[in-house]
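File shown: target-v2.csv. Contents: CSV, C-alpha atoms.
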```
chain,number,residue,atom,x,y,z
A,262,MET,CA,-6.6,-13.9,-29.0
A,263,ASP,CA,-7.5,-10.2,-28.9
A,264,VAL,CA,-4.3,-8.5,-29.8
A,265,ARG,CA,-5.3,-5.5,-27.7
A,266,TYR,CA,-5.4,-7.7,-24.6
A,267,PRO,CA,-2.7,-10.4,-25.1
A,268,LEU,CA,-1.8,-10.9,-21.4
A,269,GLN,CA,-3.2,-12.8,-18.4
A,270,MET,CA,-2.6,-11.6,-14.9
A,271,HIS,CA,-0.1,-14.3,-14.1
A,272,ASP,CA,2.0,-13.3,-17.1
A,273,PHE,CA,3.4,-10.2,-15.3
A,274,SER,CA,4.8,-9.3,-12.0
A,275,LEU,CA,2.6,-7.3,-9.6
A,276,HIS,CA,3.6,-5.5,-6.4
A,277,ASP,CA,1.0,-3.4,-4.5
A,278,PRO,CA,-1.7,-3.8,-7.2
A,279,PHE,CA,-4.6,-1.4,-7.4
A,280,VAL,CA,-7.7,-1.9,-9.7
A,281,LEU,CA,-10.0,1.0,-10.8
A,282,ALA,CA,-13.2,-0.2,-12.3
A,283,ASP,CA,-13.9,2.8,-14.5
A,284,LYS,CA,-17.6,3.0,-15.3
A,285,ALA,CA,-17.1,5.7,-17.9
A,286,SER,CA,-15.0,3.5,-20.1
A,287,GLY,CA,-16.4,0.1,-19.0
A,288,LEU,CA,-12.8,-1.1,-18.5
A,289,TYR,CA,-10.6,-2.2,-15.5
A,290,TYR,CA,-7.3,-0.3,-15.0
A,291,LEU,CA,-4.8,-2.3,-13.0
A,292,TYR,CA,-2.1,0.1,-11.7
A,293,ASN,CA,1.3,-1.1,-10.6
A,294,ALA,CA,4.7,0.3,-9.6
A,295,ASN,CA,7.2,-0.6,-12.4
A,296,TYR,CA,10.0,-1.4,-9.9
A,297,TYR,CA,12.5,-1.7,-12.8
A,298,GLN,CA,10.5,-4.5,-14.5
A,299,TYR,CA,10.4,-2.5,-17.7
A,300,ARG,CA,13.6,-0.5,-18.1
A,301,ASP,CA,13.1,1.1,-21.5
A,302,ALA,CA,12.5,4.8,-22.2
A,303,ALA,CA,8.8,4.2,-22.8
A,304,HIS,CA,8.5,3.1,-19.1
A,305,GLY,CA,10.6,5.7,-17.4
A,306,ARG,CA,13.8,3.5,-17.4
A,307,GLY,CA,12.1,1.5,-14.6
A,308,LYS,CA,11.0,4.4,-12.5
A,309,SER,CA,7.4,4.6,-13.3
A,310,VAL,CA,3.8,3.6,-12.7
A,311,VAL,CA,2.3,1.4,-15.4
A,312,VAL,CA,-1.3,0.4,-16.1
A,313,TYR,CA,-2.7,-2.8,-17.6
A,314,VAL,CA,-6.1,-2.3,-19.1
A,315,SER,CA,-8.7,-5.1,-19.2
A,316,PRO,CA,-12.3,-5.6,-20.3
A,317,ASP,CA,-12.9,-8.6,-18.1
A,318,LEU,CA,-10.1,-9.1,-15.6
A,319,LYS,CA,-9.0,-12.2,-17.6
A,320,HIS,CA,-7.3,-10.5,-20.6
A,321,PHE,CA,-5.0,-7.5,-20.2
A,322,SER,CA,-3.1,-5.0,-22.4
A,323,GLU,CA,0.6,-4.6,-22.5
A,324,PRO,CA,1.8,-2.2,-19.8
A,325,VAL,CA,1.4,1.5,-20.5
A,326,ASP,CA,3.4,4.2,-18.7
A,327,VAL,CA,1.1,6.7,-16.9
A,328,PHE,CA,3.5,8.4,-14.6
A,329,ASP,CA,7.3,8.4,-14.5
A,330,LEU,CA,10.3,10.3,-13.1
A,331,ASN,CA,12.0,11.1,-16.4
A,332,ASP,CA,11.4,14.8,-15.9
A,333,VAL,CA,11.5,15.8,-12.3
A,334,PRO,CA,10.6,19.5,-12.1
A,335,ALA,CA,13.0,22.0,-10.7
A,336,GLY,CA,12.4,22.6,-7.0
A,337,ALA,CA,10.6,19.2,-6.5
A,338,TRP,CA,10.7,17.7,-3.0
A,339,TYR,CA,11.3,14.2,-4.6
A,340,ASP,CA,13.9,13.0,-7.0
A,341,ASP,CA,14.4,9.9,-9.3
A,342,SER,CA,16.5,7.9,-6.8
A,343,ASP,CA,13.8,5.1,-6.7
A,344,SER,CA,10.8,4.0,-8.5
A,345,PRO,CA,7.4,5.3,-7.5
A,346,TRP,CA,5.6,3.0,-5.0
A,347,ALA,CA,2.1,1.9,-4.3
A,348,PRO,CA,-0.1,3.9,-6.8
A,349,GLU,CA,-3.8,4.1,-6.1
A,350,VAL,CA,-6.2,5.9,-8.5
A,351,TYR,CA,-9.6,7.4,-7.7
A,352,GLU,CA,-12.2,9.1,-9.8
A,353,ARG,CA,-13.7,12.3,-8.3
A,354,ASP,CA,-15.4,15.3,-9.8
A,355,GLY,CA,-14.4,14.2,-13.3
A,356,LYS,CA,-10.7,13.9,-12.5
A,357,TYR,CA,-8.5,10.9,-11.7
A,358,TRP,CA,-6.4,11.3,-8.6
A,359,MET,CA,-3.3,9.1,-8.0
A,360,PHE,CA,-1.9,8.7,-4.5
A,361,VAL,CA,1.7,7.6,-5.0
A,362,THR,CA,4.8,7.3,-2.7
A,363,LEU,CA,7.9,9.2,-3.9
A,364,HIS,CA,11.4,9.4,-2.5
A,365,ALA,CA,14.3,11.8,-2.1
A,366,LYS,CA,17.9,10.6,-1.4
A,367,ARG,CA,19.4,12.3,1.7
A,368,GLU,CA,22.8,13.9,1.3
A,369,THR,CA,23.6,12.7,4.9
A,370,PRO,CA,21.8,9.7,6.4
A,371,GLU,CA,19.6,10.7,9.3
A,372,PRO,CA,19.2,8.5,12.4
A,373,PRO,CA,15.8,6.9,13.2
A,374,HIS,CA,13.5,9.0,15.4
A,375,ALA,CA,12.6,6.2,17.7
A,376,GLY,CA,13.3,2.6,18.6
A,377,PRO,CA,15.6,0.7,20.9
A,378,ASP,CA,18.9,2.4,21.6
A,379,TRP,CA,20.9,0.0,19.5
A,380,TYR,CA,18.6,0.6,16.5
A,381,VAL,CA,18.8,4.4,16.7
A,382,ARG,CA,22.6,4.2,17.1
A,383,ASP,CA,23.4,1.7,14.3
A,384,HIS,CA,21.0,2.7,11.6
A,385,GLY,CA,20.6,5.6,9.2
A,386,MET,CA,17.7,6.7,6.9
A,387,GLN,CA,19.0,7.0,3.4
A,388,HIS,CA,15.9,8.6,1.9
A,389,ARG,CA,13.0,10.9,2.6
A,390,ARG,CA,9.6,9.4,1.6
A,391,GLY,CA,6.2,10.9,1.2
A,392,VAL,CA,2.8,10.4,-0.5
A,393,PHE,CA,2.1,12.8,-3.4
A,394,VAL,CA,-1.1,13.2,-5.4
A,395,ALA,CA,-0.9,13.3,-9.2
A,396,VAL,CA,-3.9,14.2,-11.4
A,397,ALA,CA,-5.1,13.3,-14.8
A,398,ASP,CA,-8.2,13.8,-17.0
A,399,ARG,CA,-8.5,10.1,-17.8
A,400,PRO,CA,-7.5,6.9,-16.1
A,401,ALA,CA,-4.8,6.1,-18.7
A,402,GLY,CA,-3.0,9.4,-17.8
A,403,PRO,CA,-0.7,11.0,-18.2
A,404,PHE,CA,-0.6,11.9,-14.5
A,405,ARG,CA,1.2,15.0,-13.2
A,406,VAL,CA,2.0,15.8,-9.6
A,407,ALA,CA,-0.3,18.6,-8.4
A,408,ASP,CA,2.4,20.2,-6.1
A,409,PRO,CA,5.9,18.9,-6.6
A,410,THR,CA,7.3,21.0,-3.8
A,411,ARG,CA,5.9,19.0,-0.9
A,412,PRO,CA,4.0,15.8,-0.2
A,413,THR,CA,0.4,15.7,0.9
A,414,THR,CA,1.6,13.8,4.0
A,415,PRO,CA,3.7,15.8,6.5
A,416,ASP,CA,7.1,16.6,4.9
A,417,ASN,CA,9.1,15.8,8.0
A,418,VAL,CA,8.2,12.1,8.3
A,419,MET,CA,8.7,9.0,6.3
A,420,ALA,CA,5.2,8.3,5.0
A,421,LEU,CA,4.0,5.8,2.4
A,422,ASP,CA,1.1,3.9,1.0
A,423,GLY,CA,-1.6,6.6,1.1
A,424,THR,CA,-5.2,5.5,0.6
A,425,LEU,CA,-8.5,7.4,0.4
A,426,ALA,CA,-11.1,7.1,3.2
A,427,PHE,CA,-14.3,9.1,3.9
A,428,ASP,CA,-15.5,10.0,7.4
A,429,THR,CA,-19.1,9.9,8.7
A,430,ASP,CA,-19.7,13.5,7.4
A,431,GLY,CA,-18.3,12.6,4.0
A,432,SER,CA,-15.1,14.5,4.4
A,433,PRO,CA,-12.1,12.9,2.6
A,434,TRP,CA,-9.0,11.7,4.5
A,435,MET,CA,-5.7,10.0,3.5
A,436,VAL,CA,-4.8,7.0,5.7
A,437,TYR,CA,-1.1,6.2,5.3
A,438,ALA,CA,1.7,4.3,7.0
A,439,HIS,CA,4.4,6.1,9.0
A,440,GLU,CA,7.5,4.1,8.0
A,441,TRP,CA,8.9,1.6,10.5
A,442,VAL,CA,12.3,2.5,9.3
A,443,GLU,CA,12.0,5.8,11.1
A,444,LEU,CA,10.1,4.5,14.2
A,445,PHE,CA,11.1,0.8,14.5
A,446,ASP,CA,7.4,0.3,15.5
A,447,GLY,CA,5.6,1.7,12.4
A,448,THR,CA,2.3,3.4,12.8
A,449,MET,CA,-0.9,4.0,10.8
A,450,GLU,CA,-1.9,7.7,10.6
A,451,ALA,CA,-4.6,9.8,8.9
A,452,ILE,CA,-4.8,13.4,7.7
A,453,ARG,CA,-7.8,15.3,6.4
A,454,LEU,CA,-7.9,16.4,2.8
A,455,ASP,CA,-9.4,19.4,1.1
A,456,PRO,CA,-12.7,18.1,-0.4
A,457,ASN,CA,-12.1,20.3,-3.5
A,458,ASP,CA,-8.4,19.4,-3.9
A,459,LEU,CA,-7.4,15.9,-2.7
A,460,ALA,CA,-3.7,16.9,-3.2
A,461,ARG,CA,-4.0,19.4,-0.3
A,462,SER,CA,-4.0,18.3,3.4
A,463,VAL,CA,-5.8,20.2,6.1
A,464,GLY,CA,-4.7,20.2,9.8
A,465,GLU,CA,-2.5,17.8,11.6
A,466,PRO,CA,-2.2,14.0,11.3
A,467,VAL,CA,-4.0,11.7,13.7
A,468,HIS,CA,-2.4,8.5,15.1
A,469,LEU,CA,-4.6,5.4,14.4
A,470,TRP,CA,-2.5,2.4,15.6
A,471,SER,CA,1.0,1.0,15.9
A,472,ALA,CA,2.2,-2.1,14.1
A,473,SER,CA,3.1,-3.9,17.3
A,474,GLU,CA,-0.6,-3.8,18.3
A,475,GLY,CA,-1.3,-6.6,15.8
A,476,VAL,CA,-3.0,-9.4,17.7
A,477,TRP,CA,-0.7,-12.2,16.4
A,478,HIS,CA,2.4,-10.7,18.1
A,479,PRO,CA,2.0,-12.4,21.6
A,480,ALA,CA,1.7,-15.8,19.9
A,481,ASP,CA,4.8,-15.0,17.9
A,482,GLY,CA,6.6,-14.0,21.1
A,483,ASP,CA,7.8,-10.6,19.9
A,484,ALA,CA,5.4,-8.1,21.5
A,485,PRO,CA,2.9,-8.0,24.4
A,486,ALA,CA,-0.8,-7.7,23.9
A,487,GLY,CA,-1.5,-4.1,22.9
A,488,GLY,CA,2.0,-3.6,21.5
A,489,TRP,CA,5.0,-1.6,22.6
A,490,ARG,CA,3.4,1.8,21.9
A,491,GLY,CA,6.8,3.3,21.3
A,492,ASP,CA,8.3,2.4,24.7
A,493,PHE,CA,11.4,0.3,24.2
A,494,THR,CA,13.0,1.1,27.6
A,495,THR,CA,11.3,-1.5,29.7
A,496,ASP,CA,13.1,-4.7,30.9
A,497,GLU,CA,10.5,-6.7,29.0
A,498,ALA,CA,11.4,-4.9,25.7
A,499,ARG,CA,15.1,-5.4,26.3
A,500,ALA,CA,14.6,-9.1,26.9
A,501,THR,CA,12.1,-9.6,24.1
A,502,ILE,CA,13.6,-7.6,21.2
A,503,PRO,CA,17.0,-8.9,20.2
A,504,GLU,CA,19.6,-6.6,18.7
A,505,HIS,CA,19.7,-6.5,14.9
A,506,SER,CA,16.1,-7.7,14.7
A,507,GLY,CA,13.7,-6.1,12.3
A,508,GLY,CA,11.1,-3.6,13.3
A,509,TYR,CA,7.3,-3.7,13.3
A,510,VAL,CA,5.8,-2.9,9.9
A,511,THR,CA,2.7,-1.0,8.9
A,512,ASP,CA,2.0,-1.3,5.2
A,513,GLY,CA,-0.8,-1.1,2.6
A,514,PRO,CA,-4.0,0.2,4.3
A,515,TYR,CA,-7.3,0.1,2.4
A,516,VAL,CA,-10.5,1.3,4.1
A,517,ALA,CA,-14.2,0.3,3.5
A,518,ARG,CA,-17.5,1.0,5.4
A,519,THR,CA,-19.5,-1.9,6.8
A,520,PRO,CA,-23.3,-2.3,6.6
A,521,ASN,CA,-23.7,-0.9,10.2
A,522,GLY,CA,-21.5,2.1,9.5
A,523,SER,CA,-18.2,1.0,11.0
A,524,LEU,CA,-15.0,1.5,9.2
A,525,ILE,CA,-12.7,-1.4,8.5
A,526,SER,CA,-9.2,-1.4,7.1
A,527,VAL,CA,-7.0,-4.2,5.8
A,528,TRP,CA,-3.3,-3.6,6.4
A,529,THR,CA,-0.2,-5.7,6.0
A,530,SER,CA,2.7,-6.5,8.4
A,531,TYR,CA,4.9,-9.5,9.1
A,532,SER,CA,4.6,-12.7,11.2
A,533,ARG,CA,7.6,-14.9,11.6
A,534,GLY,CA,9.4,-13.4,8.7
A,535,GLU,CA,6.5,-13.5,6.1
A,536,TYR,CA,3.9,-11.1,4.9
A,537,ILE,CA,0.6,-11.2,6.7
A,538,LEU,CA,-2.8,-9.6,5.8
A,539,SER,CA,-4.5,-8.3,8.9
A,540,GLN,CA,-7.4,-5.9,9.6
A,541,ALA,CA,-8.7,-3.3,12.1
A,542,ILE,CA,-12.1,-1.8,12.8
A,543,SER,CA,-13.3,1.6,13.9
A,544,ARG,CA,-16.7,0.9,15.4
A,545,SER,CA,-17.4,4.6,15.8
A,546,GLY,CA,-17.3,4.9,12.0
A,547,ARG,CA,-14.8,7.7,12.4
A,548,VAL,CA,-11.5,7.8,10.6
A,549,ILE,CA,-9.9,8.9,13.9
A,550,GLY,CA,-11.2,5.7,15.6
A,551,PRO,CA,-10.7,4.4,18.1
A,552,TRP,CA,-9.4,1.4,16.1
A,553,GLU,CA,-9.5,-2.2,17.4
A,554,GLN,CA,-7.2,-4.8,15.9
A,555,LEU,CA,-8.9,-7.9,14.5
A,556,ALA,CA,-7.6,-11.4,13.7
A,557,PRO,CA,-5.4,-11.7,10.5
A,558,ILE,CA,-7.2,-13.0,7.4
A,559,ASP,CA,-4.2,-14.4,5.4
A,560,TYR,CA,-0.8,-16.0,6.3
A,561,SER,CA,0.4,-16.9,2.8
A,562,ASP,CA,3.2,-14.3,2.4
A,563,ALA,CA,0.7,-12.1,0.4
A,564,GLY,CA,-0.5,-8.7,1.2
A,565,HIS,CA,-0.9,-5.0,0.4
A,566,ALA,CA,-4.5,-5.6,-0.5
A,567,MET,CA,-7.3,-3.5,-1.9
A,568,VAL,CA,-11.0,-4.2,-2.6
A,569,PHE,CA,-13.1,-3.3,-5.6
A,570,ARG,CA,-16.5,-4.1,-7.1
A,571,THR,CA,-16.7,-5.6,-10.6
A,572,PHE,CA,-19.2,-4.4,-13.2
A,573,ASP,CA,-21.5,-7.3,-12.4
A,574,GLY,CA,-21.5,-6.4,-8.7
A,575,THR,CA,-19.0,-9.0,-7.3
A,576,LEU,CA,-16.7,-7.7,-4.6
A,577,LEU,CA,-13.1,-8.8,-5.0
A,578,LEU,CA,-9.9,-8.4,-3.0
A,579,ILE,CA,-6.6,-8.3,-4.9
A,580,MET,CA,-3.1,-8.4,-3.3
A,581,HIS,CA,0.3,-9.6,-4.3
A,582,THR,CA,2.1,-12.9,-3.4
A,583,ASN,CA,5.7,-13.8,-2.6
A,584,MET,CA,6.9,-10.8,-0.6
A,585,THR,CA,9.7,-12.9,1.0
A,586,ARG,CA,9.5,-16.4,-0.4
A,587,ARG,CA,12.3,-18.0,-2.5
A,588,GLY,CA,12.5,-21.0,-4.8
A,589,SER,CA,14.4,-24.1,-4.2
A,590,ASP,CA,17.5,-22.5,-5.8
A,591,GLY,CA,17.4,-19.6,-3.4
A,592,THR,CA,16.2,-16.9,-5.8
A,593,PRO,CA,13.2,-14.7,-4.9
A,594,LEU,CA,9.9,-15.9,-6.3
A,595,THR,CA,8.0,-13.5,-8.6
A,596,PRO,CA,5.2,-11.6,-6.9
A,597,HIS,CA,1.9,-11.9,-8.7
A,598,GLY,CA,-1.6,-10.7,-8.2
A,599,ILE,CA,-3.9,-13.0,-6.2
A,600,VAL,CA,-7.7,-12.5,-6.2
A,601,TYR,CA,-10.4,-13.6,-3.8
A,602,GLU,CA,-14.1,-12.9,-3.5
A,603,VAL,CA,-14.6,-11.0,-0.3
A,604,ALA,CA,-17.5,-9.9,2.0
A,605,VAL,CA,-17.6,-6.7,4.0
A,606,THR,CA,-19.3,-7.7,7.3
A,607,ASN,CA,-20.0,-5.7,10.5
A,608,GLU,CA,-17.1,-7.6,12.0
A,609,GLY,CA,-14.6,-7.1,9.2
A,610,PHE,CA,-13.5,-8.4,5.9
A,611,ARG,CA,-14.2,-12.1,5.2
A,612,LEU,CA,-12.3,-13.8,2.4
A,613,GLY,CA,-14.4,-16.0,0.1
A,614,ARG,CA,-13.6,-18.1,-3.0
A,615,HIS,CA,-10.2,-17.9,-4.5
A,616,ARG,CA,-10.5,-16.8,-8.1
A,617,ALA,CA,-7.9,-18.9,-9.9
A,618,ASP,CA,-9.8,-18.2,-13.1
A,619,LEU,CA,-8.6,-14.6,-12.8
A,620,ASP,CA,-5.1,-14.8,-11.2
A,621,GLY,CA,-3.9,-18.1,-12.7
A,622,ILE,CA,-2.6,-19.4,-9.3
A,623,ALA,CA,-3.4,-23.0,-8.7
A,624,ASP,CA,-2.7,-23.1,-4.9
A,625,PRO,CA,-3.3,-19.9,-3.0
A,626,ALA,CA,-1.1,-21.1,-0.2
A,627,ARG,CA,1.9,-21.2,-2.6
A,628,ASP,CA,2.7,-19.3,-5.8
A,629,ASP,CA,5.8,-20.9,-7.1
A,630,ALA,CA,5.0,-21.3,-10.8
```
Kindly return the structure encoded in the file as structure tokens.
Amino acid sequence: MDVRYPLQMHDFSLHDPFVLADKASGLYYLYNANYYQYRDAAHGRGKSVVVYVSPDLKHFSEPVDVFDLNDVPAGAWYDDSDSPWAPEVYERDGKYWMFVTLHAKRETPEPPHAGPDWYVRDHGMQHRRGVFVAVADRPAGPFRVADPTRPTTPDNVMALDGTLAFDTDGSPWMVYAHEWVELFDGTMEAIRLDPNDLARSVGEPVHLWSASEGVWHPADGDAPAGGWRGDFTTDEARATIPEHSGGYVTDGPYVARTPNGSLISVWTSYSRGEYILSQAISRSGRVIGPWEQLAPIDYSDAGHAMVFRTFDGTLLLIMHTNMTRRGSDGTPLTPHGIVYEVAVTNEGFRLGRHRADLDGIADPARDDA
């Protein structure tokens, strides 16, 4: 065993995994939110982003801290009330740019901005949430937030899970989720970025779609075709959405361009209480759409996917398992990375062969080992 790479992917917990295939080093960098898995000082007391380095996607290093909240600068919009979420890292112009969701605890909980009357009345938002951009000179960091005083997403909304997309003219955009906690029916939004500084947004955000537009909802019996579109005042909404039910979730977008120039995005939500991997397409090729919802591609309580190309040219999709599932003793099952070969077609993503040789999961429908 190479002592530099003693781990395999199934040896460690993964949640919202992101892989950078770094051509300069010839190595794969698997980024993950720590989520208190490693609570020592070397890993930010659990409030950090770690990276596992691999030469072949089969053997990985021990986790290395690349960004943490040990030293929040004075005047920062965020604090250390929660671990960073959903890191994504991109190389551009010789720098490495991390999109990461950070939080700030509210002194006084704020009511949701939308939703059924009972939801707005009975719930309070405990945190602010926004996507920040941190920068480093190398993929192993350390990463530092470019502007700690405000997120790249609008600072007056609960935003998370930012991902990088490019428009037909090559301009960079951030696609992100507008949190369901604030809206009950979460949305996917996009905002243009400064091409010379990915930490700086330009202009106003654009609405892409709402979570309730997912095409599985009519069969689940919880939303009409086309979704609620923010209107919860109708008799149908009152009859369909029971009090104390959960909202409609947008989570984990990742965007790619098809052979004919359309844009497609995987995104994650819920169906009947479990994680579901769905997708949408912009046939115009524009980030602003219009976006059409396609059929989901995975119902195995796995999601928050991203796609990358290996050094030998194979296109792979990685996501995490066990968002909600529990073992026979009632304890939550550990989330792991699960890997598939994937094709980008003119009609969306198409999952191919499951790569158990990489992720160590025997049955892709269940990860209970």
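For the choices A:Trp338, A:Trp552, A:Trp528, A:Phe569, the atom-to-atom distance to Tyr437 (chain A) is smallest for A:Trp528 when using only C-alpha atoms.
Restricting the calculation to all atoms listed in the file, the smallest distance between Thr362 (chain A) and any of A:Asp398, A:Asp332, A:Glu440, A:Asp378 is found for A:Glu440.
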Worksheet entry | Distance query region 275-290 of chain A at most 7 Å, all atoms listed in the file, self and fewer than 4 positions along chain excluded, as a list in words | Ala294, Val312, Tyr313, Val314, Ser315, Pro316, Leu318, Ala347, Pro348, Glu349, Val350, His565, Met567, Phe569, Thr571, Met580, His581, Pro596, His597 and Gly598 of chain A
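With all atoms listed in the file taken into account, the protein and nucleic acid residues at most 7 Å from Val406 (chain A) (excluding it and anything under 2 positions from it in its own chain) are A:Phe393, A:Val394, A:Ala395, A:Val396, A:Phe404, A:Asp408, A:Pro409.
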Practice prompt. Name all residues at most 10 Å from Ile542 (chain A) (count only C-alpha atoms; drop same-chain ones fewer than 3 positions away) and give them as a ChimeraX atom specification.
Written response: /A:516-519,523-527,545-548,550-555,607-610
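Remark: for Pro593 (chain A), the closest of the candidate residues A:Asp496, A:Thr606, A:Val264, A:Asp628 is A:Asp628 (distances computed over only C-alpha atoms).
Taking CA of Met386 (chain A) and CA of Phe493 (chain A) as endpoints, the distance between them is 19.5 Å.
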Worksheet entry | Using only C-alpha atoms: which of A:Tyr357, A:Phe427, A:Tyr351, A:Trp346 has the shortest distance to Arg390 (chain A) |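 The closest residue to Arg390 (chain A) is A:Trp346.
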Worksheet item: Nearest to Tyr515 (chain A): which of A:Gly355, A:Gly464, A:Gly475, A:Gly423 is it, counting all atoms listed in the file?
Response: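 For Tyr515 (chain A), the nearest of the given residues is A:Gly423.
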Item to complete: Please indicate the distance in Å from CA of Ala365 (chain A) to CA of Tyr339 (chain A), rounded to one decimal place.
Response: 4.6 Å
Practice prompt. Please provide as a PyMOL selection string all residues within 7 Å of region 319-324 of chain A, with the sequence filter that same-chain residues fewer than 5 positions apart are discarded (counting all atoms listed in the file).
Written response: chain A and resi 265-270+311-314+619
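You can rank A:Ala626, A:Ile502, A:Val463, A:Met449 by their closest distance to Ser530 (chain A) using only C-alpha atoms, and at the top of that list sits A:Met449.
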Worksheet item: Which neighbours of Glu602 (chain A) fall inside 10 Å, counting only C-alpha atoms, when residues of the same chain fewer than 6 positions from it are skipped, and could you give them as a list in words?
Response: Val568, Phe569, Arg570, Thr575, Leu576, Leu577, Leu578, Ile579, Arg611, Leu612, Gly613, Arg614, His615 and Arg616 of chain A
Worksheet item: CA of Phe445 (chain A) to CA of Glu465 (chain A): how many Å, to one decimal?
Response: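 Those two atoms sit 22.0 Å apart.
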Practice prompt. Please return, as a ChimeraX atom specification, all polymer residues that have at least one atom within 6 Å of the point (11.4, 3.2, -11.0); use all atoms listed in the file and the file's own coordinate frame.
Written response: /A:295-297,307-309,343-345
